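Contents: one structure, followed by commentary.
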Amino acid sequence: NEQTELYIQENEIENKNTIEYIKDIILGISKNQKEIEDIIKSCLDSKWTIERISKINLSILKLAIYEIKYKQIPFKVEINEAVELAKKYGEETSSKFINGALAKVVKEMNLV
């Protein structure tokens with residue numbers, strides 16, 4: 001909570017909806033971290049481990065899975081947003097990795 005408040009203050013975030021969203025995402029992912037990470041692990045190729053995923057890609061996956069599973073954001077919207085985040089903040093191949101991983105997640109969750 002302290003780190004979240006500091007982030008909000010340091011970035012001068014004043015919009016109540018934005019503040020509520022940030023807090024919800026942080027608390028929700030933290031509360032459901034084990035299940036979210038298990039979902040990620042189940043969608044990785046056998047030669048990959050969750051520890052090999054870059055911090056940026058892992059954060060994007062956790063955010064997307066949380067919003068799909070717990071916030072019922074339409075998966076097509078969420079995948080698109082996650083891919084755009086990967087293009088902006090990730091490595092050259094991040095967007096393809098995120099897209100493929102989330103496609104497997106959606107299939108496993110029987111959303112398609």
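Chains: A, B, ... in order of the structure tokens. Residues: from 1 per chain. Ligands: from 1, in order shown.
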
Next item on the list: Would you list the contacts of range 51-53 of chain A as an MDAnalysis selection string, taking every protein, DNA or RNA residue within 10 Å and counting only C-alpha atoms, but skipping same-chain residues closer than 6 positions in sequence?
Entry: chainID A and resid 41 44 59 61 94 97

Write a file of the selected residues as an mmCIF file, in the first residue's frame, keeping C-alpha atoms.
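Writing the result to out35.cif gives the following:
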```cif
data_model
loop_
_atom_site.group_PDB
_atom_site.id
_atom_site.type_symbol
_atom_site.label_atom_id
_atom_site.label_comp_id
_atom_site.auth_asym_id
_atom_site.auth_seq_id
_atom_site.Cartn_x
_atom_site.Cartn_y
_atom_site.Cartn_z
ATOM 1 C CA LYS A 41 3.356 -21.935 -16.592
ATOM 2 C CA LEU A 44 4.692 -22.233 -21.836
ATOM 3 C CA SER A 59 4.133 -8.217 -15.891
ATOM 4 C CA LEU A 61 1.026 -11.458 -18.958
ATOM 5 C CA SER A 94 7.872 -9.547 -27.027
ATOM 6 C CA PHE A 97 5.513 -13.987 -27.411
#
```

Each residue of range 12-62 of chain A lying at most 12 Å from range 75-82 of chain A should get a row with its shortest atom-to-atom pair and the distance in Å to one decimal, counting only C-alpha atoms; could you produce that, ordered by chain and increasing number, as CSV?
```
residue,atom,partner,partner_atom,distance
A:Ile56,CA,A:Ala82,CA,10.9
A:Asn57,CA,A:Ala82,CA,9.2
A:Leu58,CA,A:Ala82,CA,10.9
A:Ser59,CA,A:Ala82,CA,9.9
A:Ile60,CA,A:Ala82,CA,6.1
A:Leu61,CA,A:Ala82,CA,7.4
A:Lys62,CA,A:Ala82,CA,9.9
```

Note to self: DSSP on the backbone, helix (DSSP H, G or I) only: what residues of range 51-86 of chain A does that give? Format it as a ChimeraX atom specification.
What the structure shows: /A:51-52,55-69,75-86

Could you write out the selected residues, including N, CA, C and O atoms, as a short mmCIF file (atom, residue, chain, number, x, y, z; two decimals), in the first residue's frame?
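Saved to out-v7.cif:
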```cif
data_model
loop_
_atom_site.label_atom_id
_atom_site.label_comp_id
_atom_site.auth_asym_id
_atom_site.auth_seq_id
_atom_site.Cartn_x
_atom_site.Cartn_y
_atom_site.Cartn_z
N GLU A 51 10.78 -18.37 -14.99
CA GLU A 51 11.96 -17.57 -14.63
C GLU A 51 12.69 -17.01 -15.85
O GLU A 51 13.42 -16.03 -15.73
N ARG A 52 12.49 -17.61 -17.01
CA ARG A 52 13.15 -17.15 -18.24
C ARG A 52 12.42 -15.98 -18.88
O ARG A 52 12.96 -15.32 -19.76
N LYS A 55 11.00 -9.55 -17.08
CA LYS A 55 10.10 -8.93 -16.09
C LYS A 55 8.97 -8.16 -16.77
O LYS A 55 7.83 -8.20 -16.32
N ILE A 56 9.29 -7.49 -17.86
CA ILE A 56 8.26 -6.73 -18.60
C ILE A 56 7.21 -7.68 -19.15
O ILE A 56 6.00 -7.48 -18.97
N ASN A 57 7.66 -8.72 -19.85
CA ASN A 57 6.71 -9.68 -20.43
C ASN A 57 5.88 -10.37 -19.37
O ASN A 57 4.68 -10.57 -19.54
N LEU A 58 6.52 -10.73 -18.27
CA LEU A 58 5.80 -11.39 -17.18
C LEU A 58 4.74 -10.46 -16.59
O LEU A 58 3.61 -10.87 -16.33
N SER A 59 5.09 -9.20 -16.42
CA SER A 59 4.13 -8.22 -15.89
C SER A 59 2.95 -8.04 -16.83
O SER A 59 1.80 -7.96 -16.39
N ILE A 60 3.23 -7.98 -18.12
CA ILE A 60 2.16 -7.83 -19.11
C ILE A 60 1.25 -9.05 -19.09
O ILE A 60 0.02 -8.92 -19.12
N LEU A 61 1.83 -10.24 -19.02
CA LEU A 61 1.03 -11.46 -18.96
C LEU A 61 0.16 -11.50 -17.71
O LEU A 61 -1.03 -11.84 -17.77
N LYS A 62 0.74 -11.16 -16.57
CA LYS A 62 -0.02 -11.16 -15.32
C LYS A 62 -1.19 -10.17 -15.39
O LYS A 62 -2.31 -10.50 -14.98
N LEU A 63 -0.93 -8.99 -15.91
CA LEU A 63 -1.98 -7.98 -16.04
C LEU A 63 -3.09 -8.49 -16.95
O LEU A 63 -4.27 -8.42 -16.61
N ALA A 64 -2.71 -9.01 -18.11
CA ALA A 64 -3.71 -9.48 -19.08
C ALA A 64 -4.54 -10.63 -18.53
O ALA A 64 -5.77 -10.64 -18.65
N ILE A 65 -3.88 -11.59 -17.91
CA ILE A 65 -4.60 -12.74 -17.36
C ILE A 65 -5.54 -12.30 -16.24
O ILE A 65 -6.68 -12.74 -16.16
N TYR A 66 -5.06 -11.41 -15.39
CA TYR A 66 -5.92 -10.91 -14.31
C TYR A 66 -7.16 -10.24 -14.89
O TYR A 66 -8.28 -10.50 -14.44
N GLU A 67 -6.98 -9.39 -15.89
CA GLU A 67 -8.13 -8.67 -16.44
C GLU A 67 -9.08 -9.59 -17.19
O GLU A 67 -10.29 -9.40 -17.16
N ILE A 68 -8.55 -10.61 -17.85
CA ILE A 68 -9.42 -11.56 -18.56
C ILE A 68 -10.19 -12.41 -17.56
O ILE A 68 -11.40 -12.57 -17.65
N LYS A 69 -9.47 -12.98 -16.60
CA LYS A 69 -10.06 -13.95 -15.69
C LYS A 69 -10.91 -13.32 -14.59
O LYS A 69 -12.00 -13.79 -14.29
N PHE A 75 -11.47 -10.95 -24.06
CA PHE A 75 -10.10 -11.40 -24.30
C PHE A 75 -9.48 -10.78 -25.55
O PHE A 75 -8.28 -10.52 -25.58
N LYS A 76 -10.28 -10.50 -26.57
CA LYS A 76 -9.73 -9.88 -27.78
C LYS A 76 -9.20 -8.48 -27.48
O LYS A 76 -8.14 -8.10 -27.97
N VAL A 77 -9.92 -7.74 -26.68
CA VAL A 77 -9.49 -6.40 -26.28
C VAL A 77 -8.22 -6.49 -25.45
O VAL A 77 -7.26 -5.75 -25.67
N GLU A 78 -8.23 -7.41 -24.51
CA GLU A 78 -7.08 -7.56 -23.60
C GLU A 78 -5.83 -8.01 -24.33
O GLU A 78 -4.74 -7.50 -24.08
N ILE A 79 -5.97 -8.96 -25.24
CA ILE A 79 -4.81 -9.40 -26.01
C ILE A 79 -4.25 -8.25 -26.83
O ILE A 79 -3.04 -8.04 -26.87
N ASN A 80 -5.13 -7.50 -27.46
CA ASN A 80 -4.68 -6.36 -28.26
C ASN A 80 -3.91 -5.35 -27.40
O ASN A 80 -2.84 -4.88 -27.79
N GLU A 81 -4.45 -5.03 -26.24
CA GLU A 81 -3.79 -4.08 -25.35
C GLU A 81 -2.44 -4.62 -24.85
O GLU A 81 -1.45 -3.89 -24.78
N ALA A 82 -2.40 -5.90 -24.52
CA ALA A 82 -1.17 -6.52 -24.05
C ALA A 82 -0.09 -6.52 -25.14
O ALA A 82 1.08 -6.23 -24.87
N VAL A 83 -0.48 -6.81 -26.36
CA VAL A 83 0.46 -6.79 -27.48
C VAL A 83 0.99 -5.37 -27.70
O VAL A 83 2.20 -5.18 -27.93
N GLU A 84 0.13 -4.39 -27.60
CA GLU A 84 0.58 -3.00 -27.75
C GLU A 84 1.56 -2.60 -26.65
O GLU A 84 2.55 -1.92 -26.90
N LEU A 85 1.29 -3.03 -25.42
CA LEU A 85 2.23 -2.76 -24.31
C LEU A 85 3.57 -3.44 -24.59
O LEU A 85 4.63 -2.85 -24.33
N ALA A 86 3.52 -4.66 -25.09
CA ALA A 86 4.76 -5.39 -25.40
C ALA A 86 5.56 -4.69 -26.49
O ALA A 86 6.78 -4.62 -26.42
#
```

Check: Quick one: residues within 8 Å of range 16-25 of chain A, only C-alpha atoms counted, chain neighbours fewer than 3 positions away excluded, as a PyMOL selection string?
Finding: chain A and resi 4+8+13+28-29+63+66

Selection to disk with C-alpha atoms, as an mmCIF file, in the first residue's frame:
```
data_model
loop_
_atom_site.group_PDB
_atom_site.id
_atom_site.type_symbol
_atom_site.label_atom_id
_atom_site.label_comp_id
_atom_site.auth_asym_id
_atom_site.auth_seq_id
_atom_site.Cartn_x
_atom_site.Cartn_y
_atom_site.Cartn_z
ATOM 1 C CA THR A 4 1.362 2.244 -4.346
ATOM 2 C CA ILE A 8 0.572 7.751 -7.173
ATOM 3 C CA ILE A 13 -2.025 10.910 -10.459
ATOM 4 C CA GLY A 28 -5.829 -8.320 -7.457
ATOM 5 C CA ILE A 29 -2.689 -9.658 -9.091
ATOM 6 C CA LEU A 63 -1.981 -7.984 -16.042
ATOM 7 C CA TYR A 66 -5.916 -10.910 -14.308
#
```

Next item on the list: Would you mind reading off the distance between CA of Gln72 in chain A and CA of Ser42 in chain A, one decimal, in Å?
Entry: 20.4 Å

Notebook entry, point to check: Between A:Thr49, A:Lys71, A:Ile36, A:Cys43, which has the minimum distance to Ile98 in chain A (counting only C-alpha atoms)?
Noted result: A:Cys43

Check: Which is closer to Leu111 in chain A than all the others in A:Ile73, A:Asn1, A:Glu92, A:Leu6, using only C-alpha atoms?
Finding: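 Among the listed residues, the smallest separation from Leu111 in chain A belongs to A:Ile73.
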
Checklist line | Selected residue of minimal separation from Asp38 in chain A among A:Glu108, A:Asn11, A:Lys87, A:Thr93, counting only C-alpha atoms | finding: A:Glu108

Notebook entry, point to check: Mind pulling up the distance from CA of Tyr70 in chain A to CA of Ser30 in chain A?
Noted result: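 According to the coordinates, CA of Ser30 in chain A and CA of Tyr70 in chain A are separated by 12.5 Å.
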
Checklist line | Selected residue of minimal separation from Gly100 in chain A among A:Gln9, A:Ile40, A:Lys47, A:Asn32, counting only C-alpha atoms | finding: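 Of A:Gln9, A:Ile40, A:Lys47, A:Asn32, the one nearest Gly100 in chain A, counting only C-alpha atoms, is A:Ile40.
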
Next item on the list: Report the distance between CA of Lys107 in chain A and CA of Pro74 in chain A in Å, rounded to one decimal place.
Entry: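 Going from CA of Lys107 in chain A over to CA of Pro74 in chain A covers 13.5 Å.
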